[in-house]
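Novice: Let me begin by handing over the structure; questions about it come next.
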Amino acid sequence: MNDWRDETLKQYRDKGFADRSGYGSRPALLIVDFINGFTDPSSPLGGDFSKELAVTAQLLQEFRGAQLPIAFTVIEYEPDYRDAGLFIKKIPSLRILVKGSPTTRVDDRIRPQTGELVSVKKYASAFFQTNVDTYLRSHGVDTVVMTGCTTSGCIRASAIDSLQCGYHTIVVRDGVGDRAQGPHEANLLDIDAKYGDVVPISDVLQYLKSLESGNGQRGRANEEFQRWWNQGSSLHG
């Protein structure tokens, strides 16, 4: 660790921060804003998130195989930007995210499938004025596993709202990214201290394996989903 991280983490722990909230029994994968406008390094809003996309693709495979809920968020605005509020004044580059533009589509490397939610948002949080919370609750979710970008913006805001909505919040360290390393590391530390558990993908895979094996309370997650699925309820992205 860098000195500042060691010092900050010690201060947090000395004052009763940075405990673990852990996992629940019914997870969903929430993929925040891995859209072309952010994942194309040549875009004004973009960065190189190839590694984070690869981790997300691996988690998608696992969640799909277990028939667990999956939700994506995208950002898009009307051509006159009347729905962009002051956000677009703060970040004028958001103007490239016009409804119907390729910049607003989920990166093809993690393309959504039928039955997976694709939710449009206008601001940082995946939960603010979207249908994400409704979707998660309708699927009996109690744990949000989060990947996406950017760590210091939409991931942080979504993690805070996820906690405030009552979900066990798991941020996948190697599945989230930012345009610069400093804000990325600082916000991961802060999220882990206050809002959710920041873990590597290996930790999530071990958790998913425990669900498949029917280990304790967690093992009921797939059964609950199957009951919902058999009722014929679904959403199409």
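Residues are referred to by chain and number: the chain letter is A, B, ... according to the order shown in the structure tokens, the number counts from 1 in that chain, and ligands are numbered separately from 1 in the order shown.
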Using only C-alpha atoms, which residues of segment 53-73 of chain A come within 8 Å of segment 202-217 of chain A, and what is the closest atom pair for each, with the distance in Å to one decimal? Give it as CSV, sorted by chain and residue number.

Specialist:
residue,atom,partner,partner_atom,distance
A:Leu59,CA,A:Leu205,CA,7.9
A:Glu62,CA,A:Leu208,CA,7.9
A:Ala66,CA,A:Glu212,CA,7.7

Novice: Quick one: write out the picked residues with N, CA and C atoms as a PDB file, in the first residue's frame?

Specialist:
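Saved result, selection-v7.pdb, follows:
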ATOM      1  N   LEU A  59     -17.964 -12.630 -15.134  1.00  0.00           N
ATOM      2  CA  LEU A  59     -19.077 -12.636 -14.190  1.00  0.00           C
ATOM      3  C   LEU A  59     -20.411 -12.832 -14.907  1.00  0.00           C
ATOM      4  N   GLU A  62     -20.965 -16.442 -15.426  1.00  0.00           N
ATOM      5  CA  GLU A  62     -21.334 -17.129 -14.191  1.00  0.00           C
ATOM      6  C   GLU A  62     -22.777 -16.833 -13.794  1.00  0.00           C
ATOM      7  N   ALA A  66     -26.045 -19.458 -13.793  1.00  0.00           N
ATOM      8  CA  ALA A  66     -26.822 -19.703 -12.573  1.00  0.00           C
ATOM      9  C   ALA A  66     -28.226 -19.116 -12.648  1.00  0.00           C
TER      10      ALA A  66
END

Novice: What are the closest atom pairs, with distances in Å to one decimal, for each residue of segment 72-176 of chain A lying within 12 Å of segment 39-43 of chain A, using only C-alpha atoms, rows by chain and rising residue number, as JSON lines?

Specialist:
{"residue": "A:Ser93", "atom": "CA", "partner": "A:Ser43", "partner_atom": "CA", "distance": 9.2}
{"residue": "A:Leu94", "atom": "CA", "partner": "A:Ser43", "partner_atom": "CA", "distance": 10.5}
{"residue": "A:Arg95", "atom": "CA", "partner": "A:Ser43", "partner_atom": "CA", "distance": 11.6}
{"residue": "A:Ile96", "atom": "CA", "partner": "A:Ser43", "partner_atom": "CA", "distance": 8.8}
{"residue": "A:Leu97", "atom": "CA", "partner": "A:Ser43", "partner_atom": "CA", "distance": 10.6}
{"residue": "A:Pro102", "atom": "CA", "partner": "A:Asp40", "partner_atom": "CA", "distance": 10.9}
{"residue": "A:Thr103", "atom": "CA", "partner": "A:Ser43", "partner_atom": "CA", "distance": 8.6}
{"residue": "A:Thr104", "atom": "CA", "partner": "A:Thr39", "partner_atom": "CA", "distance": 10.5}
{"residue": "A:Arg105", "atom": "CA", "partner": "A:Thr39", "partner_atom": "CA", "distance": 10.4}
{"residue": "A:Val106", "atom": "CA", "partner": "A:Thr39", "partner_atom": "CA", "distance": 9.1}
{"residue": "A:Asp107", "atom": "CA", "partner": "A:Thr39", "partner_atom": "CA", "distance": 7.1}
{"residue": "A:Asp108", "atom": "CA", "partner": "A:Thr39", "partner_atom": "CA", "distance": 10.3}
{"residue": "A:Arg109", "atom": "CA", "partner": "A:Thr39", "partner_atom": "CA", "distance": 10.3}
{"residue": "A:Ile110", "atom": "CA", "partner": "A:Thr39", "partner_atom": "CA", "distance": 11.3}
{"residue": "A:Gly148", "atom": "CA", "partner": "A:Thr39", "partner_atom": "CA", "distance": 9.8}
{"residue": "A:Cys149", "atom": "CA", "partner": "A:Thr39", "partner_atom": "CA", "distance": 8.8}
{"residue": "A:Thr150", "atom": "CA", "partner": "A:Thr39", "partner_atom": "CA", "distance": 10.2}
{"residue": "A:Val176", "atom": "CA", "partner": "A:Thr39", "partner_atom": "CA", "distance": 11.7}

Novice: Could you find all residues in segment 44-167 of chain A that DSSP calls alpha helix (DSSP H) from the backbone, and write them as number ranges by chain?

Specialist: A: 50-65, 87-90, 132-138, 156-164

Novice: Give me the residues within 10 Å of Arg156 of chain A as a PyMOL selection string, counting only C-alpha atoms and dropping any in the same chain fewer than 3 places off.

Specialist: chain A and resi 124-125+149-153+159-162+171+184+187-188+190-191+195-196

Novice: Generate a file of the selected residues that holds N, CA and C atoms, formatted as a tab-separated table (two decimals), in the first residue's frame.

Specialist:
chain	number	residue	atom	x	y	z
A	124	ALA	N	-25.44	10.23	-12.12
A	124	ALA	CA	-24.38	9.31	-11.73
A	124	ALA	C	-24.91	7.97	-11.21
A	125	SER	N	-25.88	8.00	-10.31
A	125	SER	CA	-26.31	6.77	-9.65
A	125	SER	C	-27.18	5.92	-10.56
A	149	CYS	N	-18.05	1.62	-14.69
A	149	CYS	CA	-17.20	2.81	-14.63
A	149	CYS	C	-18.08	4.06	-14.43
A	150	THR	N	-17.50	5.14	-13.93
A	150	THR	CA	-16.16	5.20	-13.39
A	150	THR	C	-16.21	5.10	-11.87
A	151	THR	N	-15.10	4.61	-11.31
A	151	THR	CA	-15.07	4.35	-9.87
A	151	THR	C	-15.39	5.60	-9.05
A	152	SER	N	-14.84	6.73	-9.44
A	152	SER	CA	-15.00	7.95	-8.66
A	152	SER	C	-16.33	8.66	-8.91
A	153	GLY	N	-17.06	8.23	-9.94
A	153	GLY	CA	-18.32	8.88	-10.28
A	153	GLY	C	-19.50	7.95	-10.11
A	159	ALA	N	-22.96	2.80	-5.48
A	159	ALA	CA	-22.69	2.05	-4.26
A	159	ALA	C	-23.38	2.68	-3.06
A	160	ILE	N	-23.34	4.00	-2.99
A	160	ILE	CA	-24.01	4.69	-1.88
A	160	ILE	C	-25.51	4.44	-1.93
A	161	ASP	N	-26.11	4.58	-3.10
A	161	ASP	CA	-27.56	4.38	-3.21
A	161	ASP	C	-27.94	2.92	-3.02
A	162	SER	N	-27.08	2.00	-3.44
A	162	SER	CA	-27.34	0.59	-3.21
A	162	SER	C	-27.43	0.30	-1.72
A	171	VAL	N	-18.58	-4.34	-4.53
A	171	VAL	CA	-17.92	-3.70	-5.66
A	171	VAL	C	-16.71	-4.57	-6.04
A	184	HIS	N	-9.42	6.53	-8.74
A	184	HIS	CA	-9.84	5.13	-8.66
A	184	HIS	C	-9.49	4.53	-7.30
A	187	ASN	N	-11.25	6.28	-4.20
A	187	ASN	CA	-12.67	5.97	-4.05
A	187	ASN	C	-12.93	4.52	-3.69
A	188	LEU	N	-12.09	3.61	-4.17
A	188	LEU	CA	-12.23	2.23	-3.73
A	188	LEU	C	-12.01	2.13	-2.22
A	190	ASP	N	-12.49	4.47	-0.01
A	190	ASP	CA	-13.60	5.13	0.69
A	190	ASP	C	-14.88	4.30	0.62
A	191	ILE	N	-15.16	3.72	-0.54
A	191	ILE	CA	-16.34	2.86	-0.67
A	191	ILE	C	-16.23	1.69	0.29
A	195	TYR	N	-19.42	2.15	2.47
A	195	TYR	CA	-20.67	1.87	1.75
A	195	TYR	C	-20.83	0.43	1.28
A	196	GLY	N	-19.75	-0.25	0.99
A	196	GLY	CA	-19.85	-1.62	0.50
A	196	GLY	C	-18.55	-2.35	0.71

Novice: Have a look at A:Gly46, A:Asp80, A:Gly100, A:Asp3 and name the one nearest to Ala180 of chain A; count only C-alpha atoms.

Specialist: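 Going through A:Gly46, A:Asp80, A:Gly100, A:Asp3 one by one, the smallest distance to Ala180 of chain A is for A:Gly46.
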
Novice: Can you pull out the residues contacting segment 25-30 of chain A? Cut-off 6 Å, using only C-alpha atoms, and skip same-chain residues under 2 positions away; I want them as a list in words.

Specialist: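 Residues meeting the cut-off are Pro69, Ile70, Ala71, Phe72, Val141, Asp142, Thr143, Val144, Val145, Met146, Arg218 and Ala221 of chain A.
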
Novice: Any chance you could export the current selection's N, CA and C atoms as a PDB file, in the first residue's frame?

Specialist:
ATOM      1  N   PRO A  69     -30.293 -12.684 -11.704  1.00  0.00           N
ATOM      2  CA  PRO A  69     -30.652 -11.415 -12.364  1.00  0.00           C
ATOM      3  C   PRO A  69     -29.430 -10.600 -12.769  1.00  0.00           C
ATOM      4  N   ILE A  70     -29.569  -9.927 -13.914  1.00  0.00           N
ATOM      5  CA  ILE A  70     -28.512  -9.085 -14.467  1.00  0.00           C
ATOM      6  C   ILE A  70     -29.125  -7.779 -14.940  1.00  0.00           C
ATOM      7  N   ALA A  71     -28.490  -6.665 -14.585  1.00  0.00           N
ATOM      8  CA  ALA A  71     -28.971  -5.353 -15.013  1.00  0.00           C
ATOM      9  C   ALA A  71     -27.796  -4.521 -15.524  1.00  0.00           C
ATOM     10  N   PHE A  72     -28.044  -3.802 -16.600  1.00  0.00           N
ATOM     11  CA  PHE A  72     -27.085  -2.858 -17.169  1.00  0.00           C
ATOM     12  C   PHE A  72     -27.668  -1.447 -17.037  1.00  0.00           C
ATOM     13  N   VAL A 141     -33.914  -9.734  -4.888  1.00  0.00           N
ATOM     14  CA  VAL A 141     -32.469  -9.536  -4.707  1.00  0.00           C
ATOM     15  C   VAL A 141     -32.176  -8.879  -3.363  1.00  0.00           C
ATOM     16  N   ASP A 142     -31.131  -9.355  -2.701  1.00  0.00           N
ATOM     17  CA  ASP A 142     -30.650  -8.681  -1.482  1.00  0.00           C
ATOM     18  C   ASP A 142     -29.168  -8.313  -1.565  1.00  0.00           C
ATOM     19  N   THR A 143     -28.512  -8.690  -2.667  1.00  0.00           N
ATOM     20  CA  THR A 143     -27.076  -8.451  -2.829  1.00  0.00           C
ATOM     21  C   THR A 143     -26.804  -7.918  -4.227  1.00  0.00           C
ATOM     22  N   VAL A 144     -26.142  -6.779  -4.313  1.00  0.00           N
ATOM     23  CA  VAL A 144     -25.788  -6.184  -5.599  1.00  0.00           C
ATOM     24  C   VAL A 144     -24.283  -6.333  -5.810  1.00  0.00           C
ATOM     25  N   VAL A 145     -23.918  -7.087  -6.841  1.00  0.00           N
ATOM     26  CA  VAL A 145     -22.519  -7.227  -7.252  1.00  0.00           C
ATOM     27  C   VAL A 145     -22.294  -6.264  -8.406  1.00  0.00           C
ATOM     28  N   MET A 146     -21.374  -5.336  -8.244  1.00  0.00           N
ATOM     29  CA  MET A 146     -21.270  -4.190  -9.148  1.00  0.00           C
ATOM     30  C   MET A 146     -19.944  -4.158  -9.889  1.00  0.00           C
ATOM     31  N   ARG A 218     -27.724 -19.236   1.684  1.00  0.00           N
ATOM     32  CA  ARG A 218     -27.443 -18.763   0.339  1.00  0.00           C
ATOM     33  C   ARG A 218     -27.933 -19.736  -0.715  1.00  0.00           C
ATOM     34  N   ALA A 221     -31.108 -19.305  -3.079  1.00  0.00           N
ATOM     35  CA  ALA A 221     -31.227 -18.239  -4.069  1.00  0.00           C
ATOM     36  C   ALA A 221     -31.709 -18.764  -5.409  1.00  0.00           C
TER      37      ALA A 221
END
